[in-house]
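Listing of entry-v3.pdb, PDB, C-alpha atoms
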ATOM      1  CA  MET A  96     153.776  26.182 160.776
ATOM      2  CA  THR A  97     152.099  28.243 163.486
ATOM      3  CA  GLU A  98     148.370  28.179 163.871
ATOM      4  CA  LYS A  99     146.642  31.506 163.319
ATOM      5  CA  GLN A 100     145.377  33.155 166.485
ATOM      6  CA  TYR A 101     142.407  34.952 164.913
ATOM      7  CA  SER A 102     139.212  34.100 163.113
ATOM      8  CA  MET A 103     138.386  35.154 159.557
ATOM      9  CA  LYS A 104     135.445  37.155 160.918
ATOM     10  CA  GLU A 105     137.735  38.989 163.369
ATOM     11  CA  ALA A 106     140.238  39.704 160.576
ATOM     12  CA  MET A 107     137.522  41.017 158.235
ATOM     13  CA  ILE A 108     135.957  43.234 160.910
ATOM     14  CA  PHE A 109     139.342  44.720 161.854
ATOM     15  CA  SER A 110     140.375  45.292 158.226
ATOM     16  CA  GLN A 111     137.070  46.921 157.320
ATOM     17  CA  ARG A 112     136.992  49.009 160.495
ATOM     18  CA  ILE A 113     140.453  50.451 159.862
ATOM     19  CA  THR A 114     139.663  50.910 156.156
ATOM     20  CA  GLN A 115     136.459  52.847 156.777
ATOM     21  CA  LEU A 116     137.927  54.934 159.601
ATOM     22  CA  SER A 117     141.053  55.741 157.570
ATOM     23  CA  LYS A 118     139.041  56.741 154.517
ATOM     24  CA  ALA A 119     136.720  58.976 156.548
ATOM     25  CA  LEU A 120     139.634  60.583 158.381
ATOM     26  CA  TRP A 121     141.653  61.069 155.171
ATOM     27  CA  LYS A 122     138.709  62.718 153.388
ATOM     28  CA  SER A 123     138.416  65.257 156.199
ATOM     29  CA  ILE A 124     142.185  65.798 156.440
ATOM     30  CA  GLU A 125     142.506  66.193 152.666
ATOM     31  CA  LYS A 126     139.829  68.895 152.571
ATOM     32  CA  ASP A 127     141.365  70.795 155.503
ATOM     33  CA  TRP A 128     144.910  70.486 154.116
ATOM     34  CA  GLN A 129     143.841  71.779 150.699
ATOM     35  CA  GLN A 130     142.112  74.789 152.279
ATOM     36  CA  TRP A 131     145.140  75.513 154.480
ATOM     37  CA  ILE A 132     147.642  75.630 151.599
ATOM     38  CA  LYS A 133     145.363  77.145 148.953
ATOM     39  CA  PRO A 134     146.740  80.701 149.441
ATOM     40  CA  TYR A 135     150.238  79.438 148.580
ATOM     41  CA  ASP A 136     149.233  77.895 145.253
ATOM     42  CA  LEU A 137     150.416  74.475 146.430
ATOM     43  CA  ASN A 138     148.777  71.084 146.275
ATOM     44  CA  ILE A 139     149.071  68.494 149.039
ATOM     45  CA  ASN A 140     151.968  66.603 147.407
ATOM     46  CA  GLU A 141     153.934  69.821 146.884
ATOM     47  CA  HIS A 142     153.363  71.000 150.447
ATOM     48  CA  HIS A 143     154.293  67.570 151.789
ATOM     49  CA  ILE A 144     157.508  67.578 149.725
ATOM     50  CA  LEU A 145     158.444  71.009 151.105
ATOM     51  CA  TRP A 146     157.743  69.686 154.620
ATOM     52  CA  ILE A 147     159.924  66.601 154.063
ATOM     53  CA  ALA A 148     162.720  68.622 152.453
ATOM     54  CA  TYR A 149     162.707  70.973 155.433
ATOM     55  CA  HIS A 150     162.860  68.233 158.056
ATOM     56  CA  LEU A 151     165.296  65.948 156.211
ATOM     57  CA  ASN A 152     167.480  68.839 155.046
ATOM     58  CA  GLY A 153     168.846  67.317 151.850
ATOM     59  CA  ALA A 154     166.542  64.410 151.071
ATOM     60  CA  SER A 155     166.876  62.144 148.080
ATOM     61  CA  ILE A 156     163.865  61.725 145.806
ATOM     62  CA  SER A 157     163.693  58.139 147.117
ATOM     63  CA  ASP A 158     163.502  59.482 150.687
ATOM     64  CA  VAL A 159     160.748  61.901 149.677
ATOM     65  CA  ALA A 160     158.798  59.065 148.072
ATOM     66  CA  LYS A 161     159.248  56.803 151.061
ATOM     67  CA  PHE A 162     158.457  59.328 153.781
ATOM     68  CA  GLY A 163     155.792  61.061 151.701
ATOM     69  CA  VAL A 164     154.145  57.700 151.012
ATOM     70  CA  MET A 165     154.098  58.364 147.278
ATOM     71  CA  HIS A 166     155.489  56.756 144.138
ATOM     72  CA  VAL A 167     159.015  57.818 143.153
ATOM     73  CA  SER A 168     157.731  59.334 139.885
ATOM     74  CA  THR A 169     155.158  61.376 141.843
ATOM     75  CA  ALA A 170     157.859  62.634 144.197
ATOM     76  CA  PHE A 171     160.124  63.523 141.261
ATOM     77  CA  ASN A 172     157.430  65.198 139.144
ATOM     78  CA  PHE A 173     156.081  67.358 141.955
ATOM     79  CA  SER A 174     159.612  68.194 143.112
ATOM     80  CA  LYS A 175     160.383  69.276 139.538
ATOM     81  CA  LYS A 176     157.378  71.634 139.591
ATOM     82  CA  LEU A 177     158.618  73.079 142.875
ATOM     83  CA  GLU A 178     162.079  73.525 141.349
ATOM     84  CA  GLU A 179     160.536  75.381 138.395
ATOM     85  CA  ARG A 180     158.852  77.718 140.883
ATOM     86  CA  GLY A 181     162.189  78.334 142.614
ATOM     87  CA  LEU A 182     161.131  76.569 145.847
ATOM     88  CA  LEU A 183     163.506  73.599 145.595
ATOM     89  CA  LYS A 184     166.873  72.937 144.038
ATOM     90  CA  PHE A 185     168.103  69.607 142.723
ATOM     91  CA  SER A 186     171.605  68.289 143.208
ATOM     92  CA  LYS A 187     173.772  65.189 142.993
ATOM     93  CA  LYS A 188     176.303  64.231 145.617
ATOM     94  CA  GLU A 189     179.913  63.745 144.636
ATOM     95  CA  ASN A 190     179.916  60.240 146.163
ATOM     96  CA  ASP A 191     176.378  59.355 144.987
ATOM     97  CA  LYS A 192     175.673  60.221 141.360
ATOM     98  CA  ARG A 193     172.739  57.790 141.086
ATOM     99  CA  ASN A 194     170.385  59.620 143.449
ATOM    100  CA  THR A 195     168.883  63.057 142.979
ATOM    101  CA  TYR A 196     168.658  65.189 146.103
ATOM    102  CA  ILE A 197     166.435  68.145 146.861
ATOM    103  CA  GLN A 198     167.043  71.114 149.089
ATOM    104  CA  LEU A 199     164.672  73.929 149.984
ATOM    105  CA  THR A 200     165.586  77.284 148.541
ATOM    106  CA  GLU A 201     165.152  80.411 150.636
ATOM    107  CA  ALA A 202     161.823  80.988 148.863
ATOM    108  CA  GLY A 203     160.786  77.379 149.559
ATOM    109  CA  GLU A 204     161.577  77.678 153.245
ATOM    110  CA  GLU A 205     159.795  81.027 153.378
ATOM    111  CA  ILE A 206     156.583  79.644 151.866
ATOM    112  CA  LEU A 207     156.657  76.580 154.166
ATOM    113  CA  LEU A 208     157.228  78.716 157.269
ATOM    114  CA  LYS A 209     154.511  81.134 156.190
ATOM    115  CA  SER A 210     152.083  78.232 155.821
ATOM    116  CA  MET A 211     152.956  77.109 159.343
ATOM    117  CA  GLU A 212     152.338  80.622 160.663
ATOM    118  CA  THR A 213     148.872  80.701 159.112
ATOM    119  CA  TYR A 214     147.773  77.319 160.435
ATOM    120  CA  GLU A 215     144.434  77.722 162.208
ATOM    121  CA  PRO A 216     143.551  74.767 164.459
ATOM    122  CA  ASN A 217     139.854  75.679 164.516
ATOM    123  CA  LYS A 218     139.736  75.039 160.748
ATOM    124  CA  ASN A 219     141.064  71.503 161.164
ATOM    125  CA  ALA A 220     138.407  68.827 161.661
ATOM    126  CA  ALA A 221     140.812  66.182 163.063
ATOM    127  CA  PHE A 222     142.076  68.684 165.632
ATOM    128  CA  SER A 223     138.539  69.769 166.493
ATOM    129  CA  GLY A 224     137.451  66.147 166.773
ATOM    130  CA  ALA A 225     140.290  65.389 169.208
ATOM    131  CA  LEU A 226     139.802  68.547 171.306
ATOM    132  CA  PRO A 227     137.149  67.004 173.596
ATOM    133  CA  LEU A 228     139.629  64.206 174.398
ATOM    134  CA  ARG A 229     142.287  66.775 175.278
ATOM    135  CA  GLU A 230     139.834  68.574 177.515
ATOM    136  CA  LEU A 231     138.879  65.293 179.191
ATOM    137  CA  TYR A 232     142.384  63.800 179.616
ATOM    138  CA  GLY A 233     144.561  66.927 179.551
ATOM    139  CA  LYS A 234     146.417  65.908 176.392
ATOM    140  CA  PHE A 235     145.798  64.956 172.795
ATOM    141  CA  PRO A 236     145.588  61.238 171.968
ATOM    142  CA  ASP A 237     148.995  59.656 171.376
ATOM    143  CA  ILE A 238     147.468  57.306 168.799
ATOM    144  CA  ILE A 239     150.052  54.772 169.902
ATOM    145  CA  GLU A 240     148.243  51.773 168.408
ATOM    146  CA  MET A 241     148.044  53.484 165.012
ATOM    147  CA  MET A 242     151.740  54.335 165.241
ATOM    148  CA  ALA A 243     152.538  50.691 166.021
ATOM    149  CA  ILE A 244     150.592  49.567 162.935
ATOM    150  CA  ILE A 245     152.400  52.121 160.737
ATOM    151  CA  ARG A 246     155.766  51.087 162.230
ATOM    152  CA  ASN A 247     155.012  47.457 161.317
ATOM    153  CA  ILE A 248     154.051  48.448 157.764
ATOM    154  CA  TYR A 249     156.703  51.080 156.914
ATOM    155  CA  GLY A 250     159.516  50.289 159.329
ATOM    156  CA  GLU A 251     161.549  51.925 162.016
ATOM    157  CA  ASP A 252     163.296  54.476 159.754
ATOM    158  CA  PHE A 253     159.893  55.815 158.651
ATOM    159  CA  MET A 254     158.923  56.352 162.287
ATOM    160  CA  GLU A 255     162.295  57.946 163.024
ATOM    161  CA  ILE A 256     161.675  60.609 160.363
ATOM    162  CA  PHE A 257     158.069  60.942 161.537
ATOM    163  CA  GLU A 258     159.253  61.694 165.077
ATOM    164  CA  ARG A 259     162.131  63.926 163.895
ATOM    165  CA  SER A 260     159.720  66.344 162.225
ATOM    166  CA  PHE A 261     157.789  66.788 165.478
ATOM    167  CA  HIS A 262     160.996  67.151 167.474
ATOM    168  CA  ASN A 263     162.101  69.852 165.013
ATOM    169  CA  ILE A 264     158.866  71.756 165.514
ATOM    170  CA  GLU A 265     159.182  71.408 169.289
ATOM    171  CA  SER A 266     162.792  72.614 169.376
ATOM    172  CA  GLU A 267     162.978  75.107 166.476
ATOM    173  CA  PHE A 268     159.682  76.980 166.731
ATOM    174  CA  ILE A 269     158.087  79.319 169.212
ATOM    175  CA  GLU A 270     154.538  80.507 169.571
ATOM    176  CA  GLU A 271     154.089  84.239 169.203
ATOM    177  CA  ASN A 272     150.659  85.895 169.254
ATOM    178  CA  GLY A 273     148.956  82.582 168.518
ATOM    179  CA  GLN A 274     151.212  81.762 165.543
ATOM    180  CA  LEU A 275     154.136  79.398 165.077
ATOM    181  CA  LYS A 276     157.348  81.160 164.145
ATOM    182  CA  LYS A 277     160.814  79.780 163.598
ATOM    183  CA  ALA A 278     162.958  80.734 166.584
ATOM    184  CA  LYS A 279     165.898  82.951 165.788
ATOM    185  CA  LYS A 280     169.219  81.255 166.414
ATOM    186  CA  THR A 281     171.424  82.783 169.075
ATOM    187  CA  GLU A 282     175.017  83.709 168.278
ATOM    188  CA  GLN A 283     176.169  80.730 170.348
ATOM    189  CA  GLU A 284     174.046  78.345 168.222
ATOM    190  CA  LEU A 285     175.387  79.887 165.012
ATOM    191  CA  ALA A 286     179.031  79.429 166.098
TER     192      ALA A 286
END
Show how you would write the structure in this file as structure tokens.
Amino acid sequence: MTEKQYSMKEAMIFSQRITQLSKALWKSIEKDWQQWIKPYDLNINEHHILWIAYHLNGASISDVAKFGVMHVSTAFNFSKKLEERGLLKFSKKENDKRNTYIQLTEAGEEILLKSMETYEPNKNAAFSGALPLRELYGKFPDIIEMMAIIRNIYGEDFMEIFERSFHNIESEFIEENGQLKKAKKTEQELA
């Protein structure tokens, strides 16, 4: 048995520090996220499901739950509401009848893309809070230690999807007049 390399006091201080910081950050993020998506008559879970469905392009409800950090029943119930609104469609795969899969409809993709176009950084407290660091160091914080903690909790596949969504934004979107817009595919890319 290996001897622990930390004191109980050190463990308590770290746990409470990350708890308090996470709660404070989440409260701010939650408020900003709700304000951002309010015009689209979506709640945070619904918007997050649309986001995951877009980036995973055919996600199972289990995938949505895992990458949305929500219970499977929450993922299913909110996905069902989105299906009723015509924003998602459910399907089963021929070789996998046990899992239910979701896919964005045209209307679902449209509402997600419209929400991205209307994102206003100056109305986002986390962004505004990090802006002085960007001005000082020339880039936003990588938050590499936080990512390492999340990787150790949720695993490598979680981080792979996490990074894929940012790669998709980087490669599939352009900035036009201060707004994000999905880049139009060239004929070569369509072929």
* Asked: On this structure, which residues satisfy the PyMOL selection byres ((chain A and resi 186) around 6), written as an MDAnalysis selection string?
  -> chainID A and resid 185 187 195:196
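Of the listed residues A:Leu183, A:Arg259, A:His143, A:Asn190, the one whose atoms come nearest to Val164 in chain A is A:His143, with distances taken using only C-alpha atoms.
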Subject >> For range 221-234 of chain A: contacts at 8 Å, all atoms listed in the file, fewer than 6 positions along chain excluded, given as a PyMOL selection string >> reply: chain A and resi 120+123-124
Judged by only C-alpha atoms, the minimum distance to Gln130 in chain A among A:Phe261, A:Tyr214, A:Trp146, A:Phe162 is found for A:Tyr214
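Ranking A:Ile132, A:His150, A:Asn194, A:Ile244 by their shortest atom-to-atom distance to Ile264 in chain A, with all atoms listed in the file included, puts A:His150 first.
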Counting all atoms listed in the file, the residue among A:Ala154, A:Leu145, A:Leu207, A:Ile139 that lies closest to Asp127 in chain A is A:Ile139
Among A:Asp191, A:Glu178, A:Glu271, A:Asp252, Thr213 in chain A is approached most closely, using only C-alpha atoms, by A:Glu271
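Those residues returned by the PyMOL selection byres ((chain A and resi 210) around 10) for this file are A:Trp131, A:Ile132, A:Lys133, A:Pro134, A:Tyr135, A:His142, A:Glu204, A:Glu205, A:Ile206, A:Leu207, A:Leu208, A:Lys209, A:Met211, A:Glu212, A:Thr213, A:Tyr214, A:Glu215, A:Leu275.
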Dump C-alpha atoms for the selected residues as an mmCIF file, keeping the file's coordinate frame?
data_model
loop_
_atom_site.group_PDB
_atom_site.id
_atom_site.type_symbol
_atom_site.label_atom_id
_atom_site.label_comp_id
_atom_site.auth_asym_id
_atom_site.auth_seq_id
_atom_site.Cartn_x
_atom_site.Cartn_y
_atom_site.Cartn_z
ATOM 1 C CA TRP A 131 145.140 75.513 154.480
ATOM 2 C CA ILE A 132 147.642 75.630 151.599
ATOM 3 C CA LYS A 133 145.363 77.145 148.953
ATOM 4 C CA PRO A 134 146.740 80.701 149.441
ATOM 5 C CA TYR A 135 150.238 79.438 148.580
ATOM 6 C CA HIS A 142 153.363 71.000 150.447
ATOM 7 C CA GLU A 204 161.577 77.678 153.245
ATOM 8 C CA GLU A 205 159.795 81.027 153.378
ATOM 9 C CA ILE A 206 156.583 79.644 151.866
ATOM 10 C CA LEU A 207 156.657 76.580 154.166
ATOM 11 C CA LEU A 208 157.228 78.716 157.269
ATOM 12 C CA LYS A 209 154.511 81.134 156.190
ATOM 13 C CA MET A 211 152.956 77.109 159.343
ATOM 14 C CA GLU A 212 152.338 80.622 160.663
ATOM 15 C CA THR A 213 148.872 80.701 159.112
ATOM 16 C CA TYR A 214 147.773 77.319 160.435
ATOM 17 C CA GLU A 215 144.434 77.722 162.208
ATOM 18 C CA LEU A 275 154.136 79.398 165.077
#
May I have the residues at most 12 Å from (156.1, 61.2, 164.4) in the file's coordinates, counting only C-alpha atoms, as an MDAnalysis selection string? chainID A and resid 150 162 237:239 241:243 245:246 251:265
Hey, could you patch up range 136-148 of chain A with N, CA, C and O atoms and hand it over as a short mmCIF file (atom, residue, chain, number, x, y, z; two decimals), keeping the file's coordinate frame?
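Result file is rebuild_27.cif:
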data_model
loop_
_atom_site.label_atom_id
_atom_site.label_comp_id
_atom_site.auth_asym_id
_atom_site.auth_seq_id
_atom_site.Cartn_x
_atom_site.Cartn_y
_atom_site.Cartn_z
N ASP A 136 149.25 78.52 146.57
CA ASP A 136 149.23 77.90 145.25
C ASP A 136 150.02 76.58 145.26
O ASP A 136 150.84 76.33 144.38
N LEU A 137 149.78 75.78 146.30
CA LEU A 137 150.42 74.47 146.43
C LEU A 137 149.34 73.41 146.50
O LEU A 137 148.24 73.67 146.99
N ASN A 138 149.67 72.21 146.02
CA ASN A 138 148.78 71.08 146.28
C ASN A 138 149.37 70.28 147.43
O ASN A 138 150.47 70.57 147.91
N ILE A 139 148.65 69.26 147.87
CA ILE A 139 149.07 68.49 149.04
C ILE A 139 150.44 67.84 148.82
O ILE A 139 151.30 67.89 149.71
N ASN A 140 150.67 67.24 147.66
CA ASN A 140 151.97 66.60 147.41
C ASN A 140 153.10 67.62 147.46
O ASN A 140 154.16 67.36 148.04
N GLU A 141 152.89 68.79 146.87
CA GLU A 141 153.93 69.82 146.88
C GLU A 141 154.22 70.30 148.31
O GLU A 141 155.38 70.44 148.70
N HIS A 142 153.17 70.55 149.06
CA HIS A 142 153.36 71.00 150.45
C HIS A 142 154.07 69.92 151.27
O HIS A 142 154.99 70.22 152.05
N HIS A 143 153.67 68.67 151.07
CA HIS A 143 154.29 67.57 151.79
C HIS A 143 155.77 67.45 151.42
O HIS A 143 156.62 67.20 152.29
N ILE A 144 156.11 67.63 150.16
CA ILE A 144 157.51 67.58 149.72
C ILE A 144 158.31 68.70 150.37
O ILE A 144 159.44 68.48 150.84
N LEU A 145 157.75 69.90 150.43
CA LEU A 145 158.44 71.01 151.10
C LEU A 145 158.67 70.66 152.58
O LEU A 145 159.76 70.91 153.13
N TRP A 146 157.66 70.09 153.21
CA TRP A 146 157.74 69.69 154.62
C TRP A 146 158.87 68.66 154.82
O TRP A 146 159.70 68.79 155.72
N ILE A 147 158.91 67.65 153.96
CA ILE A 147 159.92 66.60 154.06
C ILE A 147 161.31 67.18 153.80
O ILE A 147 162.26 66.89 154.53
N ALA A 148 161.42 68.01 152.78
CA ALA A 148 162.72 68.62 152.45
C ALA A 148 163.22 69.46 153.63
O ALA A 148 164.42 69.46 153.93
#
